[in-house]
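S.K.: Contents of protein_24.cif (mmCIF, C-alpha atoms) are below:
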```cif
data_upload
loop_
_atom_site.label_atom_id
_atom_site.label_comp_id
_atom_site.auth_asym_id
_atom_site.auth_seq_id
_atom_site.Cartn_x
_atom_site.Cartn_y
_atom_site.Cartn_z
CA MET A 1 0.00 0.00 0.00
CA ASP A 2 1.42 3.36 -0.99
CA THR A 3 -1.14 5.66 0.64
CA ASN A 4 0.58 7.89 3.20
CA ILE A 5 -2.11 7.95 5.88
CA GLN A 6 -0.05 10.03 8.27
CA GLU A 7 0.39 12.82 5.72
CA ILE A 8 -3.31 12.84 4.84
CA GLU A 9 -4.32 12.96 8.50
CA GLN A 10 -1.92 15.83 9.14
CA HIS A 11 -3.91 17.82 6.59
CA MET A 12 -7.17 16.82 8.28
CA LEU A 13 -5.85 17.93 11.69
CA GLU A 14 -4.87 21.44 10.64
CA ASN A 15 -6.52 24.20 12.70
CA LYS A 16 -8.47 21.77 14.91
CA ARG A 17 -9.62 22.85 18.38
CA THR A 18 -8.80 19.84 20.52
CA ASP A 19 -8.99 18.61 24.09
CA THR A 20 -7.86 15.40 25.79
CA LEU A 21 -9.72 13.15 28.24
CA VAL A 22 -8.08 10.45 30.40
CA PHE A 23 -10.25 7.81 32.06
CA GLY A 24 -10.36 4.29 33.43
CA MET A 25 -13.33 1.95 33.11
CA GLY A 26 -11.92 -1.56 33.49
CA CYS A 27 -9.52 -3.28 31.10
CA PHE A 28 -8.31 -0.61 28.66
CA TRP A 29 -8.45 -2.61 25.42
CA SER A 30 -12.21 -2.44 24.84
CA PRO A 31 -12.69 1.22 25.88
CA GLU A 32 -9.95 2.27 23.46
CA ALA A 33 -11.82 0.54 20.65
CA ASN A 34 -15.20 1.85 21.83
CA PHE A 35 -14.14 5.49 21.97
CA GLY A 36 -11.82 5.21 18.97
CA GLN A 37 -14.73 4.59 16.62
CA LEU A 38 -16.49 7.85 17.50
CA PRO A 39 -16.52 10.63 14.87
CA GLY A 40 -14.66 13.55 16.41
CA VAL A 41 -12.17 11.38 18.26
CA LEU A 42 -8.76 12.02 16.70
CA HIS A 43 -6.30 9.87 18.65
CA THR A 44 -6.42 7.17 21.30
CA ARG A 45 -3.79 5.40 23.34
CA VAL A 46 -3.81 3.21 26.44
CA GLY A 47 -1.62 3.59 29.48
CA PHE A 48 -1.33 3.79 33.24
CA ALA A 49 -2.33 6.75 35.40
CA GLY A 50 -3.83 7.80 38.70
CA GLY A 51 -1.09 6.38 40.94
CA THR A 52 2.32 7.27 42.29
CA LYS A 53 4.65 4.59 40.93
CA THR A 54 7.40 5.91 38.65
CA ASN A 55 7.62 4.36 35.17
CA PRO A 56 4.78 1.83 35.57
CA THR A 57 4.49 -1.14 33.21
CA TYR A 58 1.75 -3.70 32.69
CA ARG A 59 3.57 -6.23 34.88
CA GLN A 60 4.60 -3.63 37.46
CA MET A 61 1.73 -1.19 37.55
CA GLY A 62 1.90 -0.36 41.22
CA ASP A 63 -1.09 1.74 42.32
CA HIS A 64 -1.95 2.96 38.82
CA THR A 65 -5.11 2.20 36.85
CA GLU A 66 -5.50 1.00 33.26
CA THR A 67 -6.59 4.15 31.43
CA VAL A 68 -7.38 5.45 27.96
CA GLU A 69 -6.31 8.82 26.63
CA VAL A 70 -8.67 10.27 24.02
CA THR A 71 -7.88 13.41 22.02
CA PHE A 72 -10.97 14.86 20.33
CA ASP A 73 -12.18 17.65 18.06
CA LEU A 74 -14.22 20.12 20.11
CA ASP A 75 -16.16 21.19 17.01
CA VAL A 76 -17.46 17.65 16.45
CA ILE A 77 -17.87 16.10 19.89
CA SER A 78 -17.90 17.68 23.33
CA LEU A 79 -16.35 16.69 26.63
CA GLU A 80 -19.86 16.35 28.05
CA GLN A 81 -20.84 13.87 25.32
CA LEU A 82 -17.75 11.77 25.98
CA LEU A 83 -18.40 11.80 29.72
CA ARG A 84 -21.99 10.68 29.24
CA LYS A 85 -20.74 7.79 27.12
CA PHE A 86 -18.10 6.99 29.74
CA TRP A 87 -20.73 6.53 32.46
CA GLN A 88 -23.21 4.88 30.12
CA ASP A 89 -20.79 2.16 29.03
CA HIS A 90 -19.53 0.77 32.37
CA ASN A 91 -20.53 0.17 35.97
CA PRO A 92 -19.13 3.05 38.06
CA ASN A 93 -19.54 1.19 41.34
CA ARG A 94 -16.15 0.66 42.98
CA ALA A 95 -17.42 -2.49 44.71
CA VAL A 96 -17.45 -4.49 41.45
CA TYR A 97 -13.71 -3.99 40.89
CA LYS A 98 -11.32 -6.22 42.78
CA GLU A 99 -8.31 -3.96 42.57
CA ARG A 100 -7.26 -0.43 41.67
CA GLN A 101 -6.08 -1.57 38.26
CA TYR A 102 -9.68 -1.58 37.00
CA ILE A 103 -11.51 1.14 38.96
CA SER A 104 -13.85 3.75 37.47
CA LEU A 105 -11.63 6.81 37.19
CA LEU A 106 -11.64 10.28 35.62
CA LEU A 107 -8.49 12.38 35.59
CA TYR A 108 -8.82 16.08 34.90
CA ARG A 109 -6.17 18.22 33.23
CA ASN A 110 -7.51 21.59 34.39
CA ALA A 111 -10.20 23.26 36.48
CA ASP A 112 -12.66 23.44 33.57
CA GLN A 113 -12.47 19.68 32.96
CA LYS A 114 -13.03 19.06 36.68
CA ARG A 115 -16.08 21.33 36.64
CA VAL A 116 -17.63 19.55 33.64
CA MET A 117 -16.90 16.09 35.10
CA GLU A 118 -18.60 16.96 38.38
CA MET A 119 -21.54 18.63 36.60
CA VAL A 120 -22.22 15.67 34.30
CA LYS A 121 -21.87 13.26 37.22
CA ARG A 122 -24.47 15.17 39.25
CA HIS A 123 -26.87 15.35 36.31
CA LEU A 124 -26.63 11.64 35.54
CA GLU A 125 -26.99 10.64 39.18
CA THR A 126 -30.16 12.72 39.34
CA GLU A 127 -31.49 11.36 36.04
CA GLN A 128 -30.83 7.74 37.05
CA ASP A 129 -31.50 8.12 40.77
CA ASP A 130 -28.21 6.40 41.48
CA THR A 131 -24.79 7.07 42.98
CA PHE A 132 -21.65 6.88 40.85
CA TYR A 133 -18.50 5.92 42.73
CA THR A 134 -16.14 7.11 40.01
CA GLU A 135 -12.95 8.63 41.40
CA ILE A 136 -12.31 12.12 40.02
CA ALA A 137 -8.74 13.32 40.54
CA PRO A 138 -6.06 15.51 38.92
CA LEU A 139 -3.88 13.97 36.21
CA HIS A 140 -0.26 13.94 37.34
CA GLN A 141 1.17 11.58 34.76
CA PHE A 142 0.12 9.29 31.93
CA ALA A 143 2.53 6.46 31.18
CA GLU A 144 1.92 4.93 27.75
CA ALA A 145 1.46 1.17 27.82
CA GLU A 146 3.68 -1.19 25.87
CA PRO A 147 3.15 -1.26 22.07
CA HIS A 148 1.35 -4.62 22.01
CA HIS A 149 -1.44 -3.11 24.16
CA GLN A 150 -2.07 -0.26 21.69
CA LYS A 151 -4.90 -0.92 19.19
CA TYR A 152 -5.05 -4.42 20.64
CA TYR A 153 -8.06 -5.72 18.71
CA LEU A 154 -6.88 -4.49 15.32
CA LYS A 155 -3.48 -6.12 15.81
CA ARG A 156 -5.20 -9.50 16.14
CA PHE A 157 -5.86 -9.18 12.40
CA LYS A 158 -2.27 -9.60 11.32
CA ARG A 159 -2.73 -9.29 7.54
CA ALA A 160 -4.64 -6.01 7.80
CA THR A 161 -2.19 -4.65 10.36
CA GLU A 162 0.79 -5.49 8.16
CA GLN A 163 -0.88 -3.76 5.20
CA LEU A 164 -1.65 -0.66 7.25
CA MET A 165 1.83 -0.47 8.75
CA THR A 166 3.25 0.18 5.27
CA CYS A 167 1.29 3.45 5.22
CA PHE A 168 3.17 4.91 8.20
CA PRO A 169 6.83 5.79 8.77
CA ASN A 170 6.90 3.91 12.09
CA GLU A 171 4.76 2.09 14.63
CA ALA A 172 4.24 5.26 16.67
CA GLY A 173 2.57 6.89 13.66
CA PHE A 174 0.32 3.84 13.29
CA HIS A 175 -0.74 4.06 16.94
CA HIS A 176 -1.47 7.80 16.63
CA SER A 177 -3.70 7.47 13.55
CA THR A 178 -7.39 8.40 13.41
CA ILE A 179 -8.14 5.78 10.75
CA VAL A 180 -6.38 3.12 12.83
CA ALA A 181 -8.48 4.14 15.86
CA ARG A 182 -11.63 3.71 13.75
CA LEU A 183 -10.55 0.31 12.46
CA ASN A 184 -9.72 -0.84 15.99
CA GLY A 185 -13.31 -0.03 16.86
CA PHE A 186 -14.64 -1.70 13.72
CA VAL A 187 -13.00 -5.07 14.41
CA ARG A 188 -14.42 -4.94 17.96
CA GLU A 189 -17.84 -4.48 16.30
CA TYR A 190 -18.32 -0.91 17.54
CA GLY A 191 -18.59 0.51 14.03
CA THR A 192 -18.67 -0.37 10.33
CA LEU A 193 -16.34 0.11 7.38
CA ALA A 194 -19.16 1.86 5.53
CA ALA A 195 -19.43 4.42 8.33
CA ILE A 196 -15.68 5.05 8.26
CA LYS A 197 -15.71 5.51 4.48
CA GLN A 198 -18.61 7.95 4.80
CA GLU A 199 -16.93 9.86 7.63
CA VAL A 200 -13.77 10.60 5.67
CA THR A 201 -15.87 12.44 3.08
CA GLN A 202 -16.49 15.03 5.83
CA TRP A 203 -12.81 15.50 6.64
CA SER A 204 -11.10 18.70 5.54
CA ILE A 205 -8.93 16.93 2.96
CA SER A 206 -8.88 16.88 -0.84
CA GLU A 207 -11.13 14.71 -2.99
CA GLU A 208 -8.04 12.79 -4.07
CA GLU A 209 -7.08 12.09 -0.47
CA ILE A 210 -10.61 10.95 0.34
CA LEU A 211 -10.47 8.53 -2.60
CA HIS A 212 -7.06 7.22 -1.46
CA LEU A 213 -8.42 6.44 2.02
CA GLN A 214 -11.58 4.79 0.72
CA GLN A 215 -9.61 2.63 -1.71
CA LEU A 216 -7.23 1.64 1.07
CA LEU A 217 -10.16 0.52 3.22
CA ASP A 218 -11.52 -1.53 0.31
CA ARG A 219 -8.14 -3.25 -0.21
CA LEU A 220 -7.62 -4.39 3.35
CA LYS A 221 -7.32 -8.16 3.73
CA TRP A 222 -8.78 -9.48 6.93
#
```
Could you rewrite the structure in this file as structure tokens?

M.R.:
Amino acid sequence: MDTNIQEIEQHMLENKRTDTLVFGMGCFWSPEANFGQLPGVLHTRVGFAGGTKTNPTYRQMGDHTETVEVTFDLDVISLEQLLRKFWQDHNPNRAVYKERQYISLLLYRNADQKRVMEMVKRHLETEQDDTFYTEIAPLHQFAEAEPHHQKYYLKRFKRATEQLMTCFPNEAGFHHSTIVARLNGFVREYGTLAAIKQEVTQWSISEEEILHLQQLLDRLKW
């Protein structure tokens, strides 16, 4: 494949207003796929956060939690929408989690994020007449997880992954890709190829670049 996805996506990302949300809601593989398929989400990655251990790893996580970092386009999807999905898609009751690795967790980057998190939490608790035991705390560090944890479900399809890798200069570029985030959601059955092909027609890229991406999606071997 000769389509340079990274270059095309750099054009799409120009002049975007973005924000980043970090959260934990159990094992991080499925939430990365779930949020990665959403239009407006630009990048996803999984990692460890919320604790104090220096340089955590999957085998030596210490008091950190498995978390997902989501960077999104504020003109397409809002922090409030993402937070509503966060609480909708998992059980925020601490009692169901056996250890800190899998707790319900929101980590705010600034005072405005904290305000919106607390506001949405109050509204949903009132709407559902329930109590959410999600921990809301400041983000002090986010340690990226090992490469084999990134885009975990897509990488189970080795032929498609090998094809896609040729469209990036390195593995880091692959992990940072919007299209790769969408495909990771697709293989987890959170979205469809047709929806991805339709979405790229709305991106601020040229008609030629849209055609390149759609043809690439058609040529993938699963």

S.K.: I need the residue set behind the PyMOL selection byres ((chain A and resi 74) around 9) for this file; please write it as a VMD selection string.

M.R.: chain A and resid 16 to 19 40 72 to 73 75 to 79

S.K.: Let me make sure I understand: among A:Ser30, A:Arg115, A:Ser104, A:Ala181, which one has the smallest atom-to-atom distance to Glu80 of chain A if we use all atoms listed in the file?

M.R.: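 When distances to Glu80 of chain A are compared using all atoms listed in the file, the smallest one comes from A:Arg115.
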
S.K.: My list of candidates is A:Glu32, A:Asp89, A:Glu146, A:Glu69. Which is closest to Ala49 of chain A when distances are computed with all atoms listed in the file?

M.R.: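 Closest to Ala49 of chain A, using all atoms listed in the file: A:Glu69.
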
S.K.: For Ala195 of chain A, which residue out of A:Ser177, A:Gln6, A:Thr166, A:Gln214 is the nearest one, using only C-alpha atoms?

M.R.: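 Of all the options, A:Gln214 lies closest to Ala195 of chain A.
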
S.K.: Quick one: of A:Lys197, A:Lys114, A:His90, A:Arg59, who's nearest to Glu209 of chain A, counting only C-alpha atoms?

M.R.: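 Going through A:Lys197, A:Lys114, A:His90, A:Arg59 one by one, the smallest distance to Glu209 of chain A is for A:Lys197.
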
S.K.: Which residue gives the smallest distance to Cys167 of chain A among A:Lys221, A:Thr192, A:Thr71, A:Ile179, with only C-alpha atoms counted?

M.R.: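 Between A:Lys221, A:Thr192, A:Thr71, A:Ile179, the residue approaching Cys167 of chain A most closely is A:Ile179.
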
S.K.: Could you spell out the hits of the PyMOL selection byres ((chain A and resi 28) around 12) on the shown file, as a PyMOL selection string?

M.R.: chain A and resi 22-27+29-36+44-49+58+65-70+90+101-105+144-145+149-153

S.K.: Please report the interatomic distance between atom CA of His175 of chain A and atom CA of Glu207 of chain A in Å with one decimal.

M.R.: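 We find that atom CA of His175 of chain A and atom CA of Glu207 of chain A lie 24.9 Å from each other.
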
S.K.: If the PyMOL selection byres ((chain A and resi 136) around 7) were run on this exact file, what residues would it hold? Put them as number ranges by chain.

M.R.: A: 105-107, 134-135, 137

S.K.: Which residue is closest to Asn55 of chain A? Choose from A:Gln141, A:Asn91, A:Thr20, A:Thr178 and count all atoms listed in the file.

M.R.: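 Counting all atoms listed in the file, the residue closest to Asn55 of chain A is A:Gln141.
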
S.K.: Could you please determine the separation between atom CA of Lys155 of chain A and atom CA of Leu21 of chain A in Å, to one decimal place?

M.R.: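 These atoms are spaced 23.8 Å apart.
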